[in-house]
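Read through the structure below, which is laid out as structure tokens, and then see the notes.
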There are 2 protein chains.
Amino acid sequence: MKKTSTEISIASGHRSACPVASVLDIVGDKWTLIVVRDLFLGKHRFGEFQASPEAMPTNILAGRLKRLEAAGLIKKEFYQDNPPRAEYFLTSQGAAFGPILNAMREWAEQYIPGVALLENIPSPEIRD
Amino acid sequence: MKKTSTEISIASGHRSACPVASVLDIVGDKWTLIVVRDLFLGKHRFGEFQASPEAMPTNILAGRLKRLEAAGLIKKEFYQDNPPRAEYFLTSQGAAFGPILNAMREWAEQYIPGVALLENIPSPEIRD
DNA sequence: CGAGTAGCTTGCAAAATGCAAGTCACTCGT
DNA sequence: ACGAGTGACTTGCATTTTGCAAGCTACTCG
């Protein structure tokens with residue numbers, strides 16, 4: 001079984017074998033990490049994400065929730081069938097983004113004047 | 001001097017007062033952090049960034065270098081006048097992204113199979 | 001003296017984003 | 001019981017960003 005050089009180490013859907021590039025392939029856009037942040041802040045429902053100060057467009061929010069679920073970072077749980085209503089939770093894989101968000105928070109507090117210094121983020125509810 | 005509520009704490013060009021959102025306003029896309037990573041890896045010239053395995057389009061690379069310079073994360077230094085040729089260096093503000101990149105690397109190594117585990121990134125050359 | 005190179009810029013197609021409106025099955029007030 | 005309101009989306013379309021390819025300029029090298 002021979003593999004071409006690019007097949008050896010690049011996970012499917014990723015641009016290169018670099019870990020930084022691979023993370024960006026998942027969350028490298030303006031909105032995805034906003035959703036992850038909201039989950040850390042204890043938000044679980046579509047309307048709660050939508051109500052965040054960044055005012056994310058609803059179609060993009062819907063798309064990001066699907067991508068995050070497909071990537072295994074969050075889990076969707078229906079709490080009612082008709083009409084279908086769901087809540088979203090971080091998986092342990094998603095919760096492991098905590099250090100990344102924290103590093104961003106620390107950078108921003110040091111270099112961007114006027115950011116609201118959120119205190120230490122509460123540990124999120126996890127569903128695997 | 002009264003200010004409206006949104007003027008009080010949101011730095012110019014940022015969507016909200018949230019530190020995470022503010023960082024994403026600067027580096028929230030597929031490519032910007034790839035350039036920052038390359039700077040950490042000791043690359044300094046246009047052609048070196050372009051030669052990275054992710055194969056960034058040249059127009060996007062040129063745009064990102066301008067944005068990073070405008071944001072104060074990198075500094076452009078001409079090493080020859082005609083034709084103009086420049087090298088790019090991290091500022092201390094840019095170098096402070098190190099912990100963010102490291103947190104991403106650690107996440108990727110744990111959850112994405114097959115990423116190349118770059119060892120500890122060498123401390124970059126800084127120009128302020 | 002022609003080919004090659006570094007570092008961009010430009011043009012245009014394709015994809016992602018953003019805004020507004022629409023839908024669907026409820027619930028709540030009167 | 002009847003219409004208004006709500007939550008969670010989906011759809012349509014304009015605008016913006018991305019991606020690819022080609023071009024350009026002032027060198028350098030054989």
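Following the order of the structure tokens, first chain is A, next is B, and so on, with residues numbered from 1 inside each chain and ligands from 1 in the order they appear.
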
Could you please select, counting only C-alpha atoms, the residues of chain A within 8 Å of chain B and state them as a compact mmCIF listing (two decimals) with C-alpha atoms, in the first residue's frame?
# COMPACT_ATOMS: atom_id res chain seq x y z
CA ILE A 8 0.81 10.52 4.62
CA SER A 9 0.16 13.12 7.25
CA ILE A 10 -2.50 15.61 6.22
CA ALA A 11 -5.83 14.89 7.87
CA ARG A 15 -4.53 22.32 3.91
CA SER A 16 -1.30 21.09 5.41
CA ALA A 17 0.15 19.04 8.22
CA CYS A 18 0.73 22.17 10.30
CA PRO A 19 -1.28 22.19 13.55
CA VAL A 20 -1.92 25.92 13.35
CA ALA A 21 -3.25 25.64 9.80
CA SER A 22 -5.38 22.66 10.82
CA VAL A 23 -7.01 24.60 13.64
CA LEU A 24 -7.65 27.48 11.27
CA ASP A 25 -9.32 25.07 8.86
CA GLY A 28 -10.47 30.26 10.90
CA ASP A 29 -13.16 32.85 10.29
CA LYS A 30 -14.86 35.81 11.92
CA TRP A 31 -17.68 33.92 13.61
CA LEU A 33 -14.99 31.23 17.82
CA ILE A 34 -17.70 33.70 18.82
CA ARG A 37 -17.01 31.69 23.39
CA PRO A 53 -23.46 41.90 21.08
CA GLU A 54 -21.74 40.95 17.81
CA GLN A 93 -12.97 18.29 22.41
CA ALA A 96 -10.37 21.96 25.10
CA PHE A 97 -10.48 25.24 23.17
CA PRO A 99 -6.74 27.68 26.58
CA ILE A 100 -6.92 29.19 23.08
CA LEU A 101 -9.71 31.57 24.10
CA ALA A 103 -4.66 33.22 25.37
CA MET A 104 -6.68 35.51 23.11
CA ARG A 105 -8.26 37.22 26.07
CA TRP A 107 -3.44 39.27 24.44
CA ALA A 108 -6.44 41.56 23.97
CA GLU A 109 -6.34 42.82 27.54
CA TYR A 111 -2.85 45.34 23.63
CA ILE A 112 -6.38 46.51 22.89
CA PRO A 113 -7.53 49.41 25.03
CA GLY A 114 -11.06 49.25 26.33
CA VAL A 115 -11.90 45.58 26.07
CA ALA A 116 -14.19 44.31 28.76
CA LEU A 117 -12.02 42.13 30.91
CA LEU A 118 -14.16 39.11 31.44

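All C-alpha atoms of chain B and chain A, which share one sequence, were paired in order; after least-squares superposition their RMSD is 0.1 Å.
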
Problem set entry | alpha helix (DSSP H) call set, DSSP backbone run, chain A, as a VMD selection string | chain A and resid 5 to 9 19 to 27 32 to 40 46 to 50 58 to 70 92 to 95 98 to 111

Problem set entry | Residue list (strand (DSSP E), DSSP) for chain B, as a ChimeraX atom specification | /B:74-80,85-90

Write the residues of the selection above to a file with N, CA and C atoms, as a PDB file, in the first residue's frame.
ATOM      1  N   ILE B  74       3.326  43.640  12.919  1.00  0.00           N
ATOM      2  CA  ILE B  74       4.595  43.423  12.215  1.00  0.00           C
ATOM      3  C   ILE B  74       5.164  44.755  11.747  1.00  0.00           C
ATOM      4  N   LYS B  75       6.445  44.720  11.409  1.00  0.00           N
ATOM      5  CA  LYS B  75       7.109  45.911  10.914  1.00  0.00           C
ATOM      6  C   LYS B  75       7.793  45.580   9.595  1.00  0.00           C
ATOM      7  N   LYS B  76       7.656  46.492   8.646  1.00  0.00           N
ATOM      8  CA  LYS B  76       8.237  46.291   7.319  1.00  0.00           C
ATOM      9  C   LYS B  76       9.547  47.063   7.243  1.00  0.00           C
ATOM     10  N   GLU B  77      10.613  46.394   6.821  1.00  0.00           N
ATOM     11  CA  GLU B  77      11.901  47.071   6.694  1.00  0.00           C
ATOM     12  C   GLU B  77      12.456  46.849   5.303  1.00  0.00           C
ATOM     13  N   PHE B  78      12.735  47.959   4.605  1.00  0.00           N
ATOM     14  CA  PHE B  78      13.303  47.836   3.272  1.00  0.00           C
ATOM     15  C   PHE B  78      14.786  47.556   3.377  1.00  0.00           C
ATOM     16  N   TYR B  79      15.248  46.597   2.625  1.00  0.00           N
ATOM     17  CA  TYR B  79      16.679  46.310   2.637  1.00  0.00           C
ATOM     18  C   TYR B  79      17.304  46.724   1.319  1.00  0.00           C
ATOM     19  N   GLN B  80      16.505  47.288   0.425  1.00  0.00           N
ATOM     20  CA  GLN B  80      17.011  47.804  -0.855  1.00  0.00           C
ATOM     21  C   GLN B  80      15.929  48.708  -1.428  1.00  0.00           C
ATOM     22  N   ARG B  85      12.545  46.292  -2.002  1.00  0.00           N
ATOM     23  CA  ARG B  85      12.489  44.931  -1.450  1.00  0.00           C
ATOM     24  C   ARG B  85      12.468  45.019   0.058  1.00  0.00           C
ATOM     25  N   ALA B  86      11.511  44.323   0.660  1.00  0.00           N
ATOM     26  CA  ALA B  86      11.353  44.461   2.099  1.00  0.00           C
ATOM     27  C   ALA B  86      11.414  43.128   2.829  1.00  0.00           C
ATOM     28  N   GLU B  87      11.679  43.225   4.122  1.00  0.00           N
ATOM     29  CA  GLU B  87      11.571  42.087   5.021  1.00  0.00           C
ATOM     30  C   GLU B  87      10.592  42.465   6.130  1.00  0.00           C
ATOM     31  N   TYR B  88       9.932  41.474   6.654  1.00  0.00           N
ATOM     32  CA  TYR B  88       8.919  41.717   7.678  1.00  0.00           C
ATOM     33  C   TYR B  88       9.338  41.059   8.986  1.00  0.00           C
ATOM     34  N   PHE B  89       9.097  41.777  10.079  1.00  0.00           N
ATOM     35  CA  PHE B  89       9.451  41.261  11.404  1.00  0.00           C
ATOM     36  C   PHE B  89       8.288  41.447  12.364  1.00  0.00           C
ATOM     37  N   LEU B  90       8.175  40.555  13.317  1.00  0.00           N
ATOM     38  CA  LEU B  90       7.187  40.708  14.375  1.00  0.00           C
ATOM     39  C   LEU B  90       7.586  41.872  15.272  1.00  0.00           C
TER      40      LEU B  90
END

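Atom pair atom C1' of DA21 of chain C / atom CA of Lys66 of chain A: separated by 22.5 Å.
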
Please, which residues in chain B fall within 10 Å of chain C when counting only C-alpha atoms (C1' of nucleotides), and what is the closest atom pair and distance in Å to one decimal for each, ordered by chain then residue number, as a Markdown table?
| residue | atom | partner | partner_atom | distance |
| --- | --- | --- | --- | --- |
| B:Arg45 | CA | C:DG7 | C1' | 8.9 |
| B:Phe46 | CA | C:DG7 | C1' | 6.6 |
| B:Gly47 | CA | C:DA6 | C1' | 7.1 |
| B:Thr58 | CA | C:DC8 | C1' | 8.0 |
| B:Asn59 | CA | C:DT9 | C1' | 7.8 |
| B:Leu61 | CA | C:DC8 | C1' | 9.9 |
| B:Ala62 | CA | C:DC8 | C1' | 7.5 |
| B:Pro83 | CA | C:DG7 | C1' | 8.8 |
| B:Pro84 | CA | C:DG7 | C1' | 8.1 |
| B:Arg85 | CA | C:DG7 | C1' | 6.8 |
| B:Ala86 | CA | C:DG7 | C1' | 8.5 |

Could you turn the residues from that selection into a file that holds C-alpha atoms, as an mmCIF file, in the first residue's frame?
data_model
loop_
_atom_site.group_PDB
_atom_site.id
_atom_site.type_symbol
_atom_site.label_atom_id
_atom_site.label_comp_id
_atom_site.auth_asym_id
_atom_site.auth_seq_id
_atom_site.Cartn_x
_atom_site.Cartn_y
_atom_site.Cartn_z
ATOM 1 C CA ARG B 45 10.308 37.698 2.933
ATOM 2 C CA PHE B 46 7.320 37.646 0.615
ATOM 3 C CA GLY B 47 8.664 34.693 -1.294
ATOM 4 C CA THR B 58 -0.122 36.359 -3.557
ATOM 5 C CA ASN B 59 -2.773 39.083 -3.552
ATOM 6 C CA LEU B 61 -0.580 37.644 1.171
ATOM 7 C CA ALA B 62 0.107 41.247 0.131
ATOM 8 C CA PRO B 83 13.416 47.836 -6.931
ATOM 9 C CA PRO B 84 11.903 48.089 -3.433
ATOM 10 C CA ARG B 85 12.489 44.931 -1.450
ATOM 11 C CA ALA B 86 11.353 44.461 2.099
#

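Atom CA of Ala71 of chain B lies 24.0 Å from atom CA of Ala51 of chain B.
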
Rows by chain and residue number, chain B within 8 Å of chain D, shortest pair, only C-alpha atoms (C1' of nucleotides), as a Markdown table:
| residue | atom | partner | partner_atom | distance |
| --- | --- | --- | --- | --- |
| B:Pro57 | CA | D:DG19 | C1' | 6.7 |
| B:Ile60 | CA | D:DT18 | C1' | 7.9 |
| B:Asn82 | CA | D:DA26 | C1' | 6.8 |
| B:Pro83 | CA | D:DA26 | C1' | 5.3 |

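Of note, atom CA of Leu68 of chain B and atom CA of Val36 of chain B are spaced 8.8 Å apart.
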
For this session: Excluding Ile126 of chain B and residues on its chain fewer than 2 positions from it, collect all residues at most 8 Å away from it, counting only C-alpha atoms (C1' of nucleotides), and give them as a VMD selection string.
Result: chain B and resid 89 to 92 95 124 128
